[in-house]
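Visitor: Contents of input-v4.cif (mmCIF, C-alpha atoms) are given next:
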```
data_start
#
loop_
_atom_site.group_PDB
_atom_site.id
_atom_site.type_symbol
_atom_site.label_atom_id
_atom_site.label_comp_id
_atom_site.auth_asym_id
_atom_site.auth_seq_id
_atom_site.Cartn_x
_atom_site.Cartn_y
_atom_site.Cartn_z
ATOM 1 C CA MET A 1079 76.357 59.634 123.571
ATOM 2 C CA ASN A 1080 79.356 61.378 125.111
ATOM 3 C CA GLU A 1081 79.407 63.574 128.211
ATOM 4 C CA THR A 1082 78.336 66.660 126.233
ATOM 5 C CA GLY A 1083 75.289 64.864 124.895
ATOM 6 C CA ARG A 1084 76.522 65.027 121.316
ATOM 7 C CA PRO A 1085 76.074 61.881 119.201
ATOM 8 C CA GLN A 1086 79.515 60.369 118.639
ATOM 9 C CA ASP A 1087 78.217 58.060 115.904
ATOM 10 C CA ASP A 1088 77.661 61.071 113.661
ATOM 11 C CA VAL A 1089 81.225 62.405 113.827
ATOM 12 C CA LEU A 1090 82.683 62.730 110.332
ATOM 13 C CA SER A 1091 86.121 61.144 110.449
ATOM 14 C CA ASN A 1092 87.057 60.254 106.857
ATOM 15 C CA PRO A 1093 88.853 63.171 105.143
ATOM 16 C CA ARG A 1094 88.434 61.431 101.773
ATOM 17 C CA ALA A 1095 84.647 61.060 101.990
ATOM 18 C CA ASP A 1096 82.535 62.437 99.141
ATOM 19 C CA ARG A 1097 80.877 64.985 101.426
ATOM 20 C CA VAL A 1098 84.271 66.275 102.520
ATOM 21 C CA ARG A 1099 85.533 66.577 98.946
ATOM 22 C CA LYS A 1100 82.371 68.399 97.900
ATOM 23 C CA VAL A 1101 82.841 71.018 100.616
ATOM 24 C CA ALA A 1102 86.554 71.369 99.836
ATOM 25 C CA GLN A 1103 85.729 72.161 96.197
ATOM 26 C CA LEU A 1104 84.262 75.491 97.337
ATOM 27 C CA ALA A 1105 87.816 76.783 97.782
ATOM 28 C CA GLY A 1106 87.791 77.098 93.988
ATOM 29 C CA ARG A 1107 85.798 79.656 92.019
ATOM 30 C CA PRO A 1108 84.294 77.190 89.470
ATOM 31 C CA ALA A 1109 82.495 75.211 92.181
ATOM 32 C CA ARG A 1110 81.376 78.389 93.972
ATOM 33 C CA SER A 1111 79.956 79.881 90.790
ATOM 34 C CA LYS A 1112 78.215 76.688 89.704
ATOM 35 C CA ARG A 1113 76.616 75.966 93.064
ATOM 36 C CA ARG A 1114 76.300 79.592 94.264
ATOM 37 C CA GLU A 1115 77.771 78.537 97.582
ATOM 38 C CA PHE A 1116 80.857 79.604 99.541
ATOM 39 C CA LEU A 1117 82.726 78.802 102.751
ATOM 40 C CA ALA A 1118 82.669 80.807 105.960
ATOM 41 C CA GLU A 1119 85.548 79.678 108.175
ATOM 42 C CA GLY A 1120 86.266 80.326 111.842
ATOM 43 C CA PRO A 1121 84.049 81.127 114.832
ATOM 44 C CA GLN A 1122 83.517 84.824 114.003
ATOM 45 C CA SER A 1123 82.465 84.344 110.384
ATOM 46 C CA VAL A 1124 80.293 81.327 111.147
ATOM 47 C CA ARG A 1125 78.671 83.124 114.079
ATOM 48 C CA GLU A 1126 77.711 86.105 111.915
ATOM 49 C CA ALA A 1127 76.470 83.801 109.154
ATOM 50 C CA LEU A 1128 74.237 81.947 111.597
ATOM 51 C CA VAL A 1129 72.883 85.168 113.113
ATOM 52 C CA LEU A 1130 71.923 86.420 109.654
ATOM 53 C CA HIS A 1131 70.486 83.010 108.799
ATOM 54 C CA ARG A 1132 68.196 83.095 111.824
ATOM 55 C CA LYS A 1133 67.131 86.697 111.151
ATOM 56 C CA ARG A 1134 66.181 85.847 107.589
ATOM 57 C CA LEU A 1135 64.182 82.811 108.642
ATOM 58 C CA ALA A 1136 62.387 84.867 111.295
ATOM 59 C CA ALA A 1137 61.463 87.377 108.578
ATOM 60 C CA GLY A 1138 60.077 84.628 106.348
ATOM 61 C CA GLU A 1139 63.037 84.783 103.971
ATOM 62 C CA PRO A 1140 65.243 81.903 102.785
ATOM 63 C CA GLY A 1141 68.137 81.044 105.073
ATOM 64 C CA ILE A 1142 71.727 81.359 103.917
ATOM 65 C CA VAL A 1143 73.508 78.645 105.946
ATOM 66 C CA TYR A 1144 73.205 75.238 104.325
ATOM 67 C CA GLU A 1145 75.598 73.140 106.421
ATOM 68 C CA VAL A 1146 77.778 73.595 109.513
ATOM 69 C CA TYR A 1147 80.802 71.456 110.409
ATOM 70 C CA ALA A 1148 82.540 71.779 113.773
ATOM 71 C CA SER A 1149 84.879 69.924 116.080
ATOM 72 C CA GLU A 1150 83.836 69.117 119.632
ATOM 73 C CA SER A 1151 86.708 71.165 121.038
ATOM 74 C CA CYS A 1152 85.560 74.221 119.081
ATOM 75 C CA LEU A 1153 82.004 73.876 120.356
ATOM 76 C CA ASP A 1154 83.348 73.543 123.894
ATOM 77 C CA ARG A 1155 85.158 76.870 123.442
ATOM 78 C CA HIS A 1156 82.256 78.550 121.661
ATOM 79 C CA PRO A 1157 79.016 77.067 123.028
ATOM 80 C CA ASP A 1158 76.953 79.845 121.437
ATOM 81 C CA LEU A 1159 77.714 78.361 118.026
ATOM 82 C CA GLU A 1160 75.974 75.143 118.965
ATOM 83 C CA THR A 1161 72.897 77.103 120.045
ATOM 84 C CA LEU A 1162 72.906 79.257 116.911
ATOM 85 C CA ALA A 1163 73.249 76.177 114.689
ATOM 86 C CA GLU A 1164 70.131 74.507 116.107
ATOM 87 C CA GLY A 1165 67.747 73.703 113.282
ATOM 88 C CA THR A 1166 70.465 73.738 110.614
ATOM 89 C CA THR A 1167 72.136 70.734 108.991
ATOM 90 C CA ALA A 1168 75.093 70.415 111.356
ATOM 91 C CA PHE A 1169 77.809 67.803 111.707
ATOM 92 C CA LEU A 1170 80.546 67.058 114.191
ATOM 93 C CA ALA A 1171 83.854 66.503 112.423
ATOM 94 C CA THR A 1172 87.397 65.575 113.341
ATOM 95 C CA ASP A 1173 90.252 68.021 112.957
ATOM 96 C CA GLU A 1174 91.514 65.976 110.001
ATOM 97 C CA VAL A 1175 88.194 66.329 108.202
ATOM 98 C CA LEU A 1176 88.032 70.068 108.885
ATOM 99 C CA ALA A 1177 91.588 70.467 107.604
ATOM 100 C CA ALA A 1178 90.612 68.685 104.395
ATOM 101 C CA MET A 1179 87.571 70.946 103.958
ATOM 102 C CA ALA A 1180 89.102 74.276 104.896
ATOM 103 C CA ASP A 1181 91.152 76.668 102.797
ATOM 104 C CA THR A 1182 93.441 77.608 105.700
ATOM 105 C CA VAL A 1183 96.561 75.689 106.742
ATOM 106 C CA THR A 1184 95.429 75.757 110.380
ATOM 107 C CA PRO A 1185 91.603 75.457 110.526
ATOM 108 C CA GLN A 1186 89.788 77.097 113.430
ATOM 109 C CA GLY A 1187 87.499 74.183 114.172
ATOM 110 C CA VAL A 1188 84.302 75.291 112.450
ATOM 111 C CA LEU A 1189 83.089 76.195 108.972
ATOM 112 C CA ALA A 1190 79.778 76.708 107.235
ATOM 113 C CA VAL A 1191 78.575 76.267 103.683
ATOM 114 C CA CYS A 1192 76.598 79.397 102.817
ATOM 115 C CA GLY A 1193 74.540 80.610 99.886
ATOM 116 C CA PHE A 1194 75.545 83.661 97.874
ATOM 117 C CA LEU A 1195 74.469 86.964 99.422
ATOM 118 C CA ASP A 1196 74.995 89.578 96.710
ATOM 119 C CA VAL A 1197 72.133 91.812 95.641
ATOM 120 C CA SER A 1198 71.452 93.934 92.575
ATOM 121 C CA LEU A 1199 72.579 97.535 92.223
ATOM 122 C CA GLU A 1200 68.924 98.508 91.873
ATOM 123 C CA THR A 1201 68.165 96.991 95.275
ATOM 124 C CA VAL A 1202 70.902 99.073 96.890
ATOM 125 C CA LEU A 1203 69.937 102.342 95.172
ATOM 126 C CA ASP A 1204 66.232 101.856 95.878
ATOM 127 C CA ALA A 1205 67.053 101.794 99.600
ATOM 128 C CA GLY A 1206 68.361 105.379 99.447
ATOM 129 C CA PRO A 1207 71.966 104.817 100.536
ATOM 130 C CA ARG A 1208 74.003 107.637 102.054
ATOM 131 C CA LEU A 1209 77.422 105.995 101.938
ATOM 132 C CA VAL A 1210 78.677 103.402 99.440
ATOM 133 C CA ALA A 1211 82.172 101.982 98.906
ATOM 134 C CA VAL A 1212 83.006 101.031 95.295
ATOM 135 C CA LEU A 1213 85.990 98.779 94.550
ATOM 136 C CA CYS A 1214 87.281 99.268 90.995
ATOM 137 C CA GLU A 1215 89.604 96.527 89.761
ATOM 138 C CA VAL A 1216 90.656 95.586 93.300
ATOM 139 C CA ARG A 1217 92.320 92.219 92.771
ATOM 140 C CA ASP A 1218 93.682 91.166 96.154
ATOM 141 C CA PRO A 1219 91.146 89.223 98.271
ATOM 142 C CA GLY A 1220 92.665 90.429 101.523
ATOM 143 C CA ASN A 1221 92.374 94.066 100.469
ATOM 144 C CA ALA A 1222 88.796 93.633 99.270
ATOM 145 C CA GLY A 1223 87.827 92.008 102.552
ATOM 146 C CA THR A 1224 89.566 94.716 104.565
ATOM 147 C CA VAL A 1225 87.736 97.513 102.730
ATOM 148 C CA LEU A 1226 84.413 95.724 103.198
ATOM 149 C CA ARG A 1227 85.137 95.422 106.920
ATOM 150 C CA ALA A 1228 86.034 99.123 107.097
ATOM 151 C CA ALA A 1229 82.839 100.034 105.235
ATOM 152 C CA ASP A 1230 80.822 98.018 107.731
ATOM 153 C CA ALA A 1231 82.555 99.693 110.683
ATOM 154 C CA ALA A 1232 81.929 103.140 109.185
ATOM 155 C CA GLY A 1233 78.227 102.385 108.825
ATOM 156 C CA ALA A 1234 78.234 102.314 105.029
ATOM 157 C CA ASP A 1235 75.048 101.154 103.353
ATOM 158 C CA ALA A 1236 76.649 98.914 100.724
ATOM 159 C CA VAL A 1237 79.839 97.794 99.008
ATOM 160 C CA VAL A 1238 80.018 97.510 95.229
ATOM 161 C CA LEU A 1239 82.671 95.567 93.309
ATOM 162 C CA THR A 1240 83.231 96.044 89.594
ATOM 163 C CA ALA A 1241 83.299 93.106 87.207
ATOM 164 C CA SER A 1242 87.108 93.148 87.086
ATOM 165 C CA SER A 1243 87.521 92.975 90.869
ATOM 166 C CA VAL A 1244 88.275 89.900 92.958
ATOM 167 C CA ASP A 1245 85.607 87.352 93.833
ATOM 168 C CA ILE A 1246 84.410 88.460 97.277
ATOM 169 C CA TYR A 1247 83.498 84.828 98.021
ATOM 170 C CA ASN A 1248 87.154 83.828 97.784
ATOM 171 C CA PRO A 1249 87.924 82.169 101.163
ATOM 172 C CA LYS A 1250 90.682 84.684 101.935
ATOM 173 C CA ALA A 1251 88.360 87.594 101.165
ATOM 174 C CA VAL A 1252 85.616 86.125 103.351
ATOM 175 C CA ARG A 1253 88.060 85.658 106.240
ATOM 176 C CA SER A 1254 89.368 89.219 105.814
ATOM 177 C CA THR A 1255 85.886 90.642 106.296
ATOM 178 C CA ALA A 1256 85.812 89.101 109.825
ATOM 179 C CA GLY A 1257 82.072 88.521 109.505
ATOM 180 C CA SER A 1258 81.229 91.904 107.957
ATOM 181 C CA LEU A 1259 80.223 90.189 104.717
ATOM 182 C CA PHE A 1260 77.049 89.172 106.557
ATOM 183 C CA HIS A 1261 76.259 92.718 107.752
ATOM 184 C CA LEU A 1262 75.725 94.881 104.671
ATOM 185 C CA PRO A 1263 74.579 94.491 101.060
ATOM 186 C CA VAL A 1264 77.215 93.655 98.452
ATOM 187 C CA VAL A 1265 76.847 94.206 94.706
ATOM 188 C CA LEU A 1266 79.055 92.247 92.299
ATOM 189 C CA GLY A 1267 79.979 92.771 88.660
ATOM 190 C CA ALA A 1268 79.011 96.445 88.421
ATOM 191 C CA GLU A 1269 79.990 98.511 85.388
ATOM 192 C CA PRO A 1270 81.604 101.749 86.660
ATOM 193 C CA GLY A 1271 79.995 104.053 84.090
ATOM 194 C CA GLU A 1272 76.509 102.765 84.737
ATOM 195 C CA LEU A 1273 77.062 102.885 88.487
ATOM 196 C CA ALA A 1274 78.234 106.504 88.432
ATOM 197 C CA ALA A 1275 75.382 107.601 86.158
ATOM 198 C CA ARG A 1276 72.730 105.950 88.286
ATOM 199 C CA CYS A 1277 74.175 107.372 91.498
ATOM 200 C CA LYS A 1278 74.132 110.888 90.071
ATOM 201 C CA GLU A 1279 70.546 110.442 88.871
ATOM 202 C CA ARG A 1280 69.582 109.785 92.493
ATOM 203 C CA GLY A 1281 71.526 112.674 93.981
ATOM 204 C CA ILE A 1282 74.434 110.585 95.228
ATOM 205 C CA GLY A 1283 77.772 112.344 94.795
ATOM 206 C CA VAL A 1284 80.636 110.322 93.315
ATOM 207 C CA LEU A 1285 84.085 110.923 94.814
ATOM 208 C CA ALA A 1286 87.316 109.326 93.603
ATOM 209 C CA ALA A 1287 90.037 108.638 96.170
ATOM 210 C CA ASP A 1288 93.117 109.874 94.325
ATOM 211 C CA GLY A 1289 96.480 111.048 95.622
ATOM 212 C CA GLY A 1290 96.563 113.813 93.022
ATOM 213 C CA GLY A 1291 93.017 114.970 93.643
ATOM 214 C CA GLU A 1292 92.034 118.623 93.453
ATOM 215 C CA LEU A 1293 90.178 118.469 96.777
ATOM 216 C CA ASN A 1294 91.838 117.884 100.148
ATOM 217 C CA LEU A 1295 90.043 115.540 102.532
ATOM 218 C CA ASP A 1296 91.207 117.414 105.623
ATOM 219 C CA ARG A 1297 89.822 120.700 104.270
ATOM 220 C CA LEU A 1298 86.512 119.033 103.508
ATOM 221 C CA GLN A 1299 86.337 117.847 107.109
ATOM 222 C CA ASP A 1300 87.319 121.290 108.410
ATOM 223 C CA GLN A 1301 84.508 122.823 106.362
ATOM 224 C CA ASN A 1302 82.016 120.413 107.885
ATOM 225 C CA ALA A 1303 83.295 121.076 111.420
ATOM 226 C CA ALA A 1304 82.971 124.834 110.951
ATOM 227 C CA ARG A 1305 79.455 124.467 109.630
ATOM 228 C CA ARG A 1306 78.559 122.302 112.613
ATOM 229 C CA LEU A 1307 79.774 125.025 114.979
ATOM 230 C CA GLY A 1308 77.985 127.751 113.041
ATOM 231 C CA ALA A 1309 81.258 129.418 112.052
ATOM 232 C CA PRO A 1310 81.985 130.828 108.585
ATOM 233 C CA ALA A 1311 84.193 128.651 106.421
ATOM 234 C CA PRO A 1312 85.459 128.860 102.846
ATOM 235 C CA ASP A 1313 83.837 126.453 100.429
ATOM 236 C CA ALA A 1314 86.149 123.425 100.237
ATOM 237 C CA GLY A 1315 84.398 122.079 97.152
ATOM 238 C CA TYR A 1316 82.070 119.355 98.407
ATOM 239 C CA ALA A 1317 79.769 118.764 101.368
ATOM 240 C CA LEU A 1318 80.946 115.527 102.961
ATOM 241 C CA GLU A 1319 77.600 115.046 104.669
ATOM 242 C CA SER A 1320 75.971 114.515 101.259
ATOM 243 C CA PRO A 1321 75.028 111.002 100.100
ATOM 244 C CA THR A 1322 78.292 109.740 98.615
ATOM 245 C CA ALA A 1323 79.729 106.845 96.647
ATOM 246 C CA TRP A 1324 83.517 106.589 97.057
ATOM 247 C CA LEU A 1325 85.553 105.027 94.218
ATOM 248 C CA PHE A 1326 88.670 103.112 95.302
ATOM 249 C CA GLY A 1327 91.110 101.835 92.720
ATOM 250 C CA ASN A 1328 93.478 99.002 91.999
ATOM 251 C CA GLU A 1329 96.218 98.345 94.564
ATOM 252 C CA ALA A 1330 99.088 99.122 92.150
ATOM 253 C CA GLN A 1331 97.692 101.514 89.532
ATOM 254 C CA GLY A 1332 94.910 103.227 91.449
ATOM 255 C CA LEU A 1333 91.888 104.427 89.497
ATOM 256 C CA SER A 1334 92.180 104.550 85.722
ATOM 257 C CA ASP A 1335 91.708 107.797 83.797
ATOM 258 C CA GLU A 1336 88.304 106.533 82.680
ATOM 259 C CA GLU A 1337 87.262 105.806 86.263
ATOM 260 C CA LEU A 1338 88.550 109.166 87.511
ATOM 261 C CA ALA A 1339 86.511 110.904 84.815
ATOM 262 C CA LEU A 1340 83.328 109.384 86.229
ATOM 263 C CA ALA A 1341 83.715 111.185 89.575
ATOM 264 C CA ASP A 1342 82.294 114.565 90.485
ATOM 265 C CA HIS A 1343 85.551 115.285 92.331
ATOM 266 C CA ARG A 1344 88.911 113.676 92.960
ATOM 267 C CA VAL A 1345 89.848 113.774 96.650
ATOM 268 C CA ALA A 1346 93.348 113.411 98.071
ATOM 269 C CA VAL A 1347 94.110 112.115 101.547
ATOM 270 C CA PRO A 1348 96.988 114.363 102.669
ATOM 271 C CA VAL A 1349 100.250 112.660 103.582
ATOM 272 C CA TYR A 1350 102.243 114.645 106.141
ATOM 273 C CA GLY A 1351 105.182 112.289 106.528
ATOM 274 C CA ALA A 1352 107.697 110.779 104.106
ATOM 275 C CA ALA A 1353 105.497 107.908 102.909
ATOM 276 C CA GLU A 1354 104.777 107.997 99.195
ATOM 277 C CA SER A 1355 101.121 107.080 99.703
ATOM 278 C CA LEU A 1356 98.647 105.125 101.817
ATOM 279 C CA ASN A 1357 97.720 101.558 101.031
ATOM 280 C CA LEU A 1358 94.237 100.793 99.757
ATOM 281 C CA GLY A 1359 92.758 99.596 103.040
ATOM 282 C CA THR A 1360 94.026 102.589 105.020
ATOM 283 C CA ALA A 1361 92.990 105.155 102.417
ATOM 284 C CA ALA A 1362 89.526 103.646 102.102
ATOM 285 C CA THR A 1363 89.078 103.615 105.872
ATOM 286 C CA VAL A 1364 90.073 107.285 106.206
ATOM 287 C CA CYS A 1365 87.735 108.365 103.389
ATOM 288 C CA LEU A 1366 84.759 106.342 104.568
ATOM 289 C CA TYR A 1367 85.128 107.535 108.157
ATOM 290 C CA ALA A 1368 85.384 111.146 107.007
ATOM 291 C CA SER A 1369 82.037 110.854 105.257
ATOM 292 C CA ALA A 1370 80.501 108.862 108.092
ATOM 293 C CA ARG A 1371 81.575 111.414 110.709
ATOM 294 C CA SER A 1372 80.186 114.290 108.661
ATOM 295 C CA GLN A 1373 76.896 112.505 108.119
ATOM 296 C CA GLN A 1374 76.649 111.629 111.817
ATOM 297 C CA ASP A 1375 77.314 115.245 112.793
ATOM 298 C CA VAL A 1376 74.585 116.573 110.532
ATOM 299 C CA GLY A 1377 72.170 113.899 111.737
ATOM 300 C CA ALA A 1378 72.843 114.888 115.346
ATOM 301 C CA LEU A 1379 72.177 118.550 114.583
ATOM 302 C CA GLN A 1380 68.889 117.726 112.893
ATOM 303 C CA SER A 1381 67.628 115.438 115.679
#
```
Would you mind writing the structure in this file as structure tokens?
Guide:
Amino acid sequence: MNETGRPQDDVLSNPRADRVRKVAQLAGRPARSKRREFLAEGPQSVREALVLHRKRLAAGEPGIVYEVYASESCLDRHPDLETLAEGTTAFLATDEVLAAMADTVTPQGVLAVCGFLDVSLETVLDAGPRLVAVLCEVRDPGNAGTVLRAADAAGADAVVLTASSVDIYNPKAVRSTAGSLFHLPVVLGAEPGELAARCKERGIGVLAADGGGELNLDRLQDQNAARRLGAPAPDAGYALESPTAWLFGNEAQGLSDEELALADHRVAVPVYGAAESLNLGTAATVCLYASARSQQDVGALQS
């Protein structure tokens, strides 16, 4: 035993060991899909994974963290991780082993092997969501993770990715969510037409974020603010406080004509400077927060 009380004999030190290679395979989609497992890397992601794992176990549900690997120096810096990992299959590992397992060039000293988290579209819709982010043909893992993180921060109820979008379990996507992947339901492989139809059946408006949209996001927010203050306001075309699913398109092409046709309205985020447009992550954040603010305002008035 060392001075921390951790068993030194159990430290994984061979970066070519079978266990190490098996974990490293999860950087690739074939292994993830076959085993329905993915990697959470870094203290923040692993912390959120372990918190969710413990909540699920406490609720009598299956856990989602299968294995945890950490260096002693990381546990010294983040002692809460050691506490959270109690009861899981956890291993001490050298920096060389963690580097061999991790997808990053400079590992952060801890990673976890987790089970897939995605749920069905039916599960999300049955819960009566008020705000949903839909990623249509979003291919970049960093962008997908950023939008998921923004959706979490805005209090969205779910994130949906179409079948042609990036694998959200891609290590870069998982890192980009900064732990938000473990906070809200995610639906994978959705078909846009079916999604839009089922949302409308349940009274959920479908808005397309589109630079050439006929509605102006600022005017929609002004309409909501006037209503909140009891002042008269011209109809801007849509009540932002309504349950809403926002469609966000591909980084380069935006939403296709077919996807735009699925929306009740196309909404433009006004650009007041010389920039041609906003990038996907920024546009999605602005749209989601606009809806979230409107919904919060109405909720406060009704309480």
Visitor: What are the nearest atom pairs, with distances in Å to one decimal, for all residues of segment 1156-1230 of chain A that come at most 9 Å from segment 1323-1341 of chain A, using all atoms listed in the file, set out by chain and rising residue number as a tab-separated table?
Guide:
```
residue	atom	partner	partner_atom	distance
A:Pro1207	CA	A:Ala1323	CA	8.9
A:Arg1208	CA	A:Ala1323	CA	7.9
A:Leu1209	CA	A:Ala1323	CA	5.8
A:Val1210	CA	A:Ala1323	CA	4.6
A:Ala1211	CA	A:Trp1324	CA	5.1
A:Val1212	CA	A:Leu1325	CA	4.9
A:Leu1213	CA	A:Phe1326	CA	5.2
A:Cys1214	CA	A:Gly1327	CA	4.9
A:Glu1215	CA	A:Asn1328	CA	5.1
A:Val1216	CA	A:Asn1328	CA	4.6
A:Arg1217	CA	A:Asn1328	CA	6.9
A:Asp1218	CA	A:Glu1329	CA	7.8
A:Asn1221	CA	A:Glu1329	CA	8.2
```
Visitor: Just the residues within 12 Å of Arg1094 of chain A, please, counting only C-alpha atoms, with nothing from its chain fewer than 6 positions along; format it as number ranges by chain.
Guide: A: 1100-1102, 1174-1179
Visitor: Would you write out, as an MDAnalysis selection string, every residue that the PyMOL selection byres ((chain A and resi 1162) around 10) captures in this file?
Guide: chainID A and resid 1124:1129 1131:1132 1157:1161 1163:1166
Visitor: Find the spatial neighbours of Pro1249 of chain A, counting all atoms listed in the file, within a cut-off of 8 Å - ignore same-chain residues fewer than 4 positions away - and output them as a list in words.
Guide: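 Here the answer would be Ala1105, Phe1116, Leu1117, Ala1118, Glu1119, Asp1181 and Arg1253 of chain A.
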Visitor: My list of candidates is A:Ala1362, A:Ile1282, A:Ala1231, A:Val1252. Which is closest to Gly1120 of chain A when distances are computed with all atoms listed in the file?
Guide: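 Ranked by minimum distance to Gly1120 of chain A, first place goes to A:Val1252.
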Visitor: Please indicate the distance in Å from atom CA of Val1143 of chain A to atom CA of Leu1259 of chain A, rounded to one decimal place.
Guide: 13.4 Å
Visitor: Name the residues captured by the PyMOL selection byres ((chain A and resi 1233-1238) around 10) when it is applied to the shown file; answer as a ChimeraX atom specification.
Guide: /A:1196-1199,1202-1203,1205-1214,1222,1225-1232,1239-1241,1243,1259,1261-1270,1273,1322-1325,1366-1367,1369-1371,1374
Visitor: List, as a PyMOL selection string, every residue that the PyMOL selection byres ((chain A and resi 1110) around 12) selects in the file provided.
Guide: chain A and resi 1100-1109+1111-1117+1191-1194+1245-1249
Visitor: Give the answer as one residue: which of A:Cys1277, A:Leu1090, A:Ala1171, A:Ser1123 has the shortest atom-to-atom distance to Lys1250 of chain A, using only C-alpha atoms?
Guide: A:Ser1123
Visitor: When distances are computed from all atoms listed in the file, which of A:Thr1172, A:Asn1302, A:Thr1167, A:Gln1373 shows the smallest separation from Ala1148 of chain A?
Guide: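 Among A:Thr1172, A:Asn1302, A:Thr1167, A:Gln1373, it is A:Thr1172 that comes nearest to Ala1148 of chain A.
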Visitor: What does the structure give for the distance between atom CA of Ala1168 of chain A and atom CA of Asp1088 of chain A, in Å to one decimal?
Guide: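 We find that atom CA of Ala1168 of chain A and atom CA of Asp1088 of chain A lie 10.0 Å from each other.
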Visitor: Looking at A:Gly1289, A:Pro1219, A:Pro1321, A:Gly1187, which one is nearest to Ser1355 of chain A, with distances taken over only C-alpha atoms?
Guide: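 Among the listed residues, A:Gly1289 lies closest to Ser1355 of chain A.
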Visitor: What is the atom CA of Pro1121 of chain A to atom CA of Ala1190 of chain A distance in Å?
Guide: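 Going from atom CA of Pro1121 of chain A over to atom CA of Ala1190 of chain A covers 9.8 Å.
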Visitor: Nearest residue to His1156 of chain A out of A:Pro1093, A:Asp1342, A:Gln1122, A:Val1347, using only C-alpha atoms?
Guide: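 Comparing A:Pro1093, A:Asp1342, A:Gln1122, A:Val1347 against His1156 of chain A, the winner is A:Gln1122.
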Visitor: So which one's closest to Gln1299 of chain A, A:Val1183, A:Val1146, A:Ala1317, A:Leu1135? Using all atoms listed in the file, please.
Guide: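 Closest to Gln1299 of chain A of all the choices is A:Ala1317.
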Visitor: Can you take segment 1264-1275 of chain A from the block and write N, CA, C and O atoms as a short mmCIF file (atom, residue, chain, number, x, y, z; two decimals), in the first residue's frame?
Guide:
```
data_model
loop_
_atom_site.label_atom_id
_atom_site.label_comp_id
_atom_site.auth_asym_id
_atom_site.auth_seq_id
_atom_site.Cartn_x
_atom_site.Cartn_y
_atom_site.Cartn_z
N VAL A 1264 -30.98 11.95 -25.31
CA VAL A 1264 -30.51 12.11 -26.68
C VAL A 1264 -31.14 11.02 -27.53
O VAL A 1264 -31.15 9.84 -27.15
N VAL A 1265 -31.67 11.41 -28.68
CA VAL A 1265 -32.25 10.48 -29.64
C VAL A 1265 -31.35 10.43 -30.86
O VAL A 1265 -30.91 11.47 -31.37
N LEU A 1266 -31.04 9.24 -31.34
CA LEU A 1266 -30.17 9.07 -32.50
C LEU A 1266 -30.94 8.46 -33.67
O LEU A 1266 -31.89 7.72 -33.48
N GLY A 1267 -30.49 8.79 -34.88
CA GLY A 1267 -31.02 8.14 -36.08
C GLY A 1267 -32.43 8.51 -36.44
O GLY A 1267 -33.13 7.75 -37.11
N ALA A 1268 -32.88 9.71 -36.05
CA ALA A 1268 -34.26 10.11 -36.35
C ALA A 1268 -34.43 10.44 -37.83
O ALA A 1268 -33.49 10.91 -38.49
N GLU A 1269 -35.62 10.21 -38.35
CA GLU A 1269 -35.96 10.59 -39.72
C GLU A 1269 -36.69 11.92 -39.63
O GLU A 1269 -37.71 12.04 -38.94
N PRO A 1270 -36.20 12.97 -40.28
CA PRO A 1270 -36.76 14.32 -40.09
C PRO A 1270 -38.26 14.41 -40.33
O PRO A 1270 -38.98 15.08 -39.58
N GLY A 1271 -38.75 13.77 -41.40
CA GLY A 1271 -40.18 13.85 -41.70
C GLY A 1271 -41.03 13.25 -40.61
O GLY A 1271 -42.05 13.84 -40.19
N GLU A 1272 -40.64 12.10 -40.12
CA GLU A 1272 -41.38 11.46 -39.04
C GLU A 1272 -41.32 12.30 -37.78
O GLU A 1272 -42.33 12.47 -37.07
N LEU A 1273 -40.14 12.83 -37.49
CA LEU A 1273 -39.98 13.66 -36.29
C LEU A 1273 -40.91 14.86 -36.34
O LEU A 1273 -41.63 15.15 -35.38
N ALA A 1274 -40.89 15.59 -37.47
CA ALA A 1274 -41.73 16.78 -37.58
C ALA A 1274 -43.21 16.43 -37.45
O ALA A 1274 -43.97 17.12 -36.76
N ALA A 1275 -43.63 15.36 -38.10
CA ALA A 1275 -45.04 14.97 -38.06
C ALA A 1275 -45.47 14.62 -36.64
O ALA A 1275 -46.55 15.04 -36.17
#
```
